Each structure stands twice: as structure tokens, then as C-alpha cells.
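Okay, so here's the structure we're looking at.
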Amino acid sequence: MRRRFPPHWKKRFFTWPISGVMTWFLYYLMLILPIDLGSAIVGKLFRFLGPQLPINKRAKAHLQSCFPHWNETEIGSTIKDMWENLGRTTAEFPHIQKLDVSGNDKRVEVIGVEHIHSLRDDGLPGIVFSAHLGNWELLPMLAQPNGLDMHFVYRELNAPLAEKVLRRHYNKLRERLISKGREGAIQMARVLREGGHLAIMVDQKLNEGLEIPFFGKPAKTSTALASFALRYKCPIVPARVERLSGANFRVIFYPALELPNSGIQDADIKELMIRVNKQIETWVRDMPSQWLWLHRRWGKLYYFTL
């Protein structure tokens, strides 16, 4: 009789422990190196190795579809820049909490901070949304220096050791982290009901989401952002991070989006998410080499049509 192993046993006993150890090792190695040196070294390493990986085909397919007028040179250059940005972001992660994000440090330029102050002072719950652009890990650091009580929604890592490293990194912000899922949704609702604030990344695929246009193609998109905003009548502030050069950044906060008010809930949710996706698409078109093209944003069926 053939022995049956539990589902995902390979991941549980091999892949996740190995990736956890690698995460732990890389984290503490980068912590030893100065941020500029670590960022440069790992950025160049990713720039060389990334395009050789099988997953790189996905990034290339995405770029060919979203920028059909581009030639091979433009696509190849953007892919290399994307990998370098990912490598730099990885190397900078252990140093993020040490950066001065008050606006007084030339390494981190902050624009539109008045929109964060508005969230802080309006007496309403609020939401900040962003995407995987530049070094997106900078955004959680902006709340506390500006007196904003904020919780951060994130996707919990599969590897337990890697997740432990991540949560330890956030230190004082650990209690502010909300992992995605059913229990996370309950926590998010509680935060907003009590007048708090959330920060959410909304540029990844959600199988249960609505098909919302993104680069002219239907993309399964989570509607939690719109549902919460319309339920609690709270402002939604767009925010993005740009990498200027090396480990130097610009963070931009934009005016809150106008909430639709047709009186038809489903229509308003869809309309608001269309506006959100348009905003993110604008950012990506501005800096395509700094967006993470590796996500399966348009679903499995889409890839067979490329």
C-alpha cells in the first residue's frame, strides 16, 4: 500500500525551513553592512541572477502585454532594473526603521505630508493605499513621526522562521500588523469602527475579487478597501514610494479620492476600485522598472493567451 503524505509536506519540511534560514541569514548579513553598500551589492546580484530565473518569463510576458509598442531592448532593460530594485529593497529592509522619515533627511524626501496630517486631525477613520513600487517598506515608517495611529495590512509569510524574522524586524510596530484573511478582516473592521487608520497594498491578485480593469485587462482585485471606505465613510489617501537613486527615496501622499455615492452599493464599490486601479496604473506607467512585475496579477488563464 502506497504511503500517503500530508498536503504540502515538501513545503512544510523542506522549502519553508530552507527559505526561512536563508531569510534569517540574509537579514542579519544585511544588518551588518551599511545600507548603501548592502543595497548596491544585492541590487547588482539580483540584476544579474533574476533574468535567469524561470519566473522572469512572467515579468517579460506582463511587460509585452502592457507595453506592446516596446522592443526587446526596452523590455530587457526594464526587467533588469526591476530585479535590481527588488534586490535593493531586500537589502534595505533591515535598515528601514533606522531611517529618518520626518522630511529632514535628504535620503528620504516626503511630499504631500499635509494629506497625512488631514487624516490625523479630521476625527474620522481613514485608509492609505499603495503598491509594490520603489521601496514600499518605507510607508509604515511614515505614520508614527506624523502622529498617525495606523495599522498595517500584510500577507503573512508561509515560512514560519521567515515570518518570525519579519515580525521581529517591525519591533514596536508588531502590534500594528494585521495579516490578510478572515480574522484580519475582522480586525480591520474593528480598527476603522474605533476611528483608527489602515495602510493596505492593493496591487496583487485576489482569486475571490472582482474583475477590475488594469492596463486594459480584467484583473481580479480585492474590494475590501472600497467596502470599508464606503461603510465607514472614511477618506482614502493614495501613497507611493519612488527610488531616486541608490538608497534614496521620495514618498508622495496624494489628496484623498472622492467616494462615489450613487446609492447602489455594488456599483459604488466597483467604481471606487476602478479609480484605485487607474491610480496605480498611472504610477506604474510613470516608473515601470520599479513595479514588481512578478506577481500573477492577471490570473492563470491570462498567461495561456500570451
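Chain identifiers are assigned as A, B, and so on, following the order in which chains appear in the C-alpha cells; residues are numbered from 1 within each chain, and ligands are numbered from 1 in order of appearance.
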Item to check | Residue list (strand (DSSP E or B), DSSP) for segment 14-256 of chain A, as an NGL selection string | outcome: :A and (108-111 or 126-130 or 133 or 150-154 or 177-179 or 197-201 or 205-214 or 217-221 or 236-245 or 248-253)
Item to check | Shell around segment 34-46 of chain A at 9 Å using only C-alpha atoms, local window under 4 positions removed, as a VMD selection string | outcome: chain A and resid 29 to 30 50 to 51 80 to 81 83 to 92 94 to 95 246 to 247
Using N, CA, C and O atoms, can you export the residues from the last selection as a CSV table (one decimal), in the first residue's frame?
```csv
chain,number,residue,atom,x,y,z
A,29,LEU,N,22.9,39.4,7.7
A,29,LEU,CA,24.1,39.8,7.0
A,29,LEU,C,23.9,41.3,6.5
A,29,LEU,O,24.9,42.1,6.6
A,30,MET,N,22.7,41.6,6.0
A,30,MET,CA,22.5,43.0,5.5
A,30,MET,C,22.5,44.0,6.7
A,30,MET,O,22.8,45.2,6.5
A,50,GLY,N,18.4,37.5,-11.5
A,50,GLY,CA,17.0,37.5,-11.7
A,50,GLY,C,16.5,37.1,-13.1
A,50,GLY,O,15.6,36.2,-13.3
A,51,PRO,N,17.1,37.7,-14.2
A,51,PRO,CA,16.6,37.4,-15.5
A,51,PRO,C,16.9,35.9,-15.9
A,51,PRO,O,16.3,35.5,-16.9
A,80,LYS,N,15.7,44.1,-16.0
A,80,LYS,CA,16.9,44.2,-15.2
A,80,LYS,C,16.8,45.2,-14.1
A,80,LYS,O,17.2,45.0,-13.0
A,81,ASP,N,16.2,46.4,-14.4
A,81,ASP,CA,16.0,47.4,-13.4
A,81,ASP,C,15.1,47.0,-12.3
A,81,ASP,O,15.3,47.3,-11.2
A,83,TRP,N,14.6,43.9,-11.3
A,83,TRP,CA,15.3,42.9,-10.4
A,83,TRP,C,16.2,43.7,-9.5
A,83,TRP,O,16.4,43.3,-8.3
A,84,GLU,N,16.9,44.7,-10.0
A,84,GLU,CA,17.8,45.5,-9.2
A,84,GLU,C,17.1,46.2,-8.1
A,84,GLU,O,17.5,46.2,-6.9
A,85,ASN,N,15.9,46.7,-8.4
A,85,ASN,CA,15.1,47.4,-7.4
A,85,ASN,C,14.7,46.5,-6.3
A,85,ASN,O,14.7,46.8,-5.1
A,86,LEU,N,14.3,45.2,-6.7
A,86,LEU,CA,13.9,44.2,-5.7
A,86,LEU,C,15.0,43.8,-4.9
A,86,LEU,O,14.9,43.7,-3.6
A,87,GLY,N,16.2,43.7,-5.4
A,87,GLY,CA,17.4,43.3,-4.6
A,87,GLY,C,17.7,44.4,-3.7
A,87,GLY,O,18.1,44.1,-2.5
A,88,ARG,N,17.7,45.7,-4.1
A,88,ARG,CA,18.0,46.8,-3.2
A,88,ARG,C,16.9,46.8,-2.1
A,88,ARG,O,17.3,47.1,-0.9
A,89,THR,N,15.7,46.6,-2.4
A,89,THR,CA,14.6,46.7,-1.4
A,89,THR,C,14.9,45.6,-0.3
A,89,THR,O,14.7,45.8,0.9
A,90,THR,N,15.3,44.4,-0.8
A,90,THR,CA,15.6,43.3,0.1
A,90,THR,C,16.7,43.7,1.1
A,90,THR,O,16.7,43.4,2.3
A,91,ALA,N,17.8,44.2,0.5
A,91,ALA,CA,19.0,44.6,1.3
A,91,ALA,C,18.7,45.7,2.3
A,91,ALA,O,19.3,45.8,3.4
A,92,GLU,N,17.8,46.6,1.9
A,92,GLU,CA,17.5,47.8,2.7
A,92,GLU,C,16.5,47.5,3.8
A,92,GLU,O,16.4,48.3,4.8
A,94,PRO,N,16.4,45.5,6.5
A,94,PRO,CA,16.8,45.6,7.9
A,94,PRO,C,17.1,47.0,8.4
A,94,PRO,O,17.2,47.2,9.6
A,95,HIS,N,17.3,47.9,7.5
A,95,HIS,CA,17.7,49.3,7.9
A,95,HIS,C,16.6,50.3,7.9
A,95,HIS,O,16.8,51.4,8.4
A,246,GLY,N,20.2,54.8,-5.9
A,246,GLY,CA,20.7,54.1,-4.7
A,246,GLY,C,19.6,53.9,-3.6
A,246,GLY,O,18.5,53.5,-3.9
A,247,ALA,N,20.0,54.2,-2.4
A,247,ALA,CA,19.1,54.1,-1.3
A,247,ALA,C,18.6,55.5,-0.9
A,247,ALA,O,18.6,55.9,0.3
```
Please tabulate, as a Markdown table, the residues of segment 196-304 of chain A that come within 10 Å of segment 60-78 of chain A, each with its closest pair of atoms and the distance in Å to one decimal, counting only C-alpha atoms and ordering rows by chain, then residue number upward.
```
| residue | atom | partner | partner_atom | distance |
| --- | --- | --- | --- | --- |
| A:Phe214 | CA | A:Cys66 | CA | 9.3 |
| A:Phe215 | CA | A:Cys66 | CA | 6.1 |
| A:Gly216 | CA | A:Cys66 | CA | 8.2 |
| A:Lys217 | CA | A:Cys66 | CA | 9.0 |
| A:Arg285 | CA | A:Phe67 | CA | 9.3 |
| A:Met287 | CA | A:Thr78 | CA | 9.5 |
| A:Pro288 | CA | A:Thr78 | CA | 7.0 |
| A:Ser289 | CA | A:Thr78 | CA | 4.9 |
| A:Gln290 | CA | A:Thr78 | CA | 8.5 |
| A:Trp291 | CA | A:Thr78 | CA | 9.8 |
| A:Trp293 | CA | A:His62 | CA | 6.8 |
| A:Leu294 | CA | A:His62 | CA | 8.4 |
| A:His295 | CA | A:His62 | CA | 9.4 |
| A:Arg296 | CA | A:His62 | CA | 9.0 |
| A:Arg297 | CA | A:His62 | CA | 8.8 |
| A:Trp298 | CA | A:His62 | CA | 8.9 |
| A:Tyr302 | CA | A:His62 | CA | 9.9 |
| A:Tyr303 | CA | A:Ala61 | CA | 7.8 |
```
Checklist entry - To one decimal place, how far is atom CA of Thr221 of chain A from atom CA of Phe152 of chain A in Å? => result 18.6 Å
Checklist outcome for this item: Judged by only C-alpha atoms, the minimum distance to Leu139 of chain A among A:Lys180, A:Ile200, A:Phe48, A:Gly126 is found for A:Ile200
Next on the checklist: Need the shell around Ile212 of chain A: protein/DNA/RNA residues with any atom at most 10 Å away, counting only C-alpha atoms. Skip same-chain ones fewer than 6 positions apart. Format as a list in words?
Outcome noted: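 Residues meeting the cut-off are Pro218, Ala219, Lys220, Thr221, Ser222, Thr223, Lys270, Glu271, Met273, Ile274, Arg275, Val276, Asn277 and Lys278 of chain A.
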Writer output for current selection, C-alpha atoms, as a PDB file, in the first residue's frame:
```
ATOM      1  CA  PRO A 218      -9.609  42.418 -16.307  1.00  0.00           C
ATOM      2  CA  ALA A 219      -7.672  41.748 -13.095  1.00  0.00           C
ATOM      3  CA  LYS A 220      -9.088  40.026 -10.027  1.00  0.00           C
ATOM      4  CA  THR A 221      -8.980  42.785  -7.421  1.00  0.00           C
ATOM      5  CA  SER A 222      -9.800  42.804  -3.717  1.00  0.00           C
ATOM      6  CA  THR A 223     -12.732  45.076  -2.888  1.00  0.00           C
ATOM      7  CA  LYS A 270     -16.745  48.723  -8.370  1.00  0.00           C
ATOM      8  CA  GLU A 271     -16.426  52.377  -9.354  1.00  0.00           C
ATOM      9  CA  MET A 273     -11.860  50.151  -7.247  1.00  0.00           C
ATOM     10  CA  ILE A 274     -11.717  51.285 -10.881  1.00  0.00           C
ATOM     11  CA  ARG A 275     -10.395  54.634  -9.629  1.00  0.00           C
ATOM     12  CA  VAL A 276      -7.879  52.887  -7.370  1.00  0.00           C
ATOM     13  CA  ASN A 277      -6.581  50.671 -10.183  1.00  0.00           C
ATOM     14  CA  LYS A 278      -6.314  53.676 -12.503  1.00  0.00           C
TER      15      LYS A 278
END
```
Item to check | For Asn261 of chain A: contacts at 10 Å, only C-alpha atoms, fewer than 3 positions along chain excluded, given as JSON, numbers by chain | outcome: {"A": [230, 258, 264, 265, 267, 268, 269, 271, 272]}
Checklist entry - Pick the closest to Gly123 of chain A from A:Ile79, A:Leu192, A:Ile96, A:Ala185: which is it, counting only C-alpha atoms? => result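 With only C-alpha atoms as the atom set, the closest residue is A:Leu192.
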Checklist entry - Quick one: residues within 12 Å of Arg190 of chain A, only C-alpha atoms counted, chain neighbours fewer than 5 positions away excluded, as a list in words? => result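 Contacts, in chain order: Pro125, His151, Ile178, Glu183, Gly184, Ala185, Gly195, Gly196, His197, Leu198, Phe228 and Tyr232 of chain A.
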Dump of N, CA and C atoms for the selected residues, as a CSV table (one decimal), in the first residue's frame:
```csv
chain,number,residue,atom,x,y,z
A,125,PRO,N,-12.1,57.7,10.7
A,125,PRO,CA,-11.2,56.7,10.4
A,125,PRO,C,-10.7,56.9,9.0
A,151,HIS,N,-2.6,51.0,11.5
A,151,HIS,CA,-2.4,49.5,11.4
A,151,HIS,C,-2.0,49.2,10.0
A,178,ILE,N,-1.6,43.5,10.7
A,178,ILE,CA,-2.8,42.7,10.6
A,178,ILE,C,-2.6,41.8,9.3
A,183,GLU,N,-9.8,36.5,9.8
A,183,GLU,CA,-9.6,37.1,11.1
A,183,GLU,C,-9.0,38.5,10.9
A,184,GLY,N,-8.2,38.7,9.8
A,184,GLY,CA,-7.6,40.0,9.5
A,184,GLY,C,-8.7,41.0,9.2
A,185,ALA,N,-9.7,40.6,8.4
A,185,ALA,CA,-10.8,41.4,8.0
A,185,ALA,C,-11.6,41.9,9.2
A,195,GLY,N,-12.3,54.4,14.9
A,195,GLY,CA,-11.7,55.6,14.4
A,195,GLY,C,-10.3,55.6,14.0
A,196,GLY,N,-9.7,54.3,13.9
A,196,GLY,CA,-8.3,54.2,13.5
A,196,GLY,C,-8.0,54.3,12.0
A,197,HIS,N,-6.8,53.9,11.7
A,197,HIS,CA,-6.4,54.0,10.3
A,197,HIS,C,-5.7,52.8,9.8
A,198,LEU,N,-5.8,52.5,8.5
A,198,LEU,CA,-5.2,51.3,7.9
A,198,LEU,C,-4.3,51.7,6.7
A,228,PHE,N,-14.8,48.9,3.0
A,228,PHE,CA,-14.6,49.5,4.2
A,228,PHE,C,-14.8,51.1,4.1
A,232,TYR,N,-17.7,53.0,6.3
A,232,TYR,CA,-17.3,53.9,7.4
A,232,TYR,C,-17.2,55.4,6.9
```
Checklist entry - Can you tell me, as a ChimeraX atom specification, what residues are no more than 7 Å from Glu242 of chain A when counting only C-alpha atoms, ignoring any on the same chain fewer than 2 positions away? => result /A:133-134,240,244,249-251
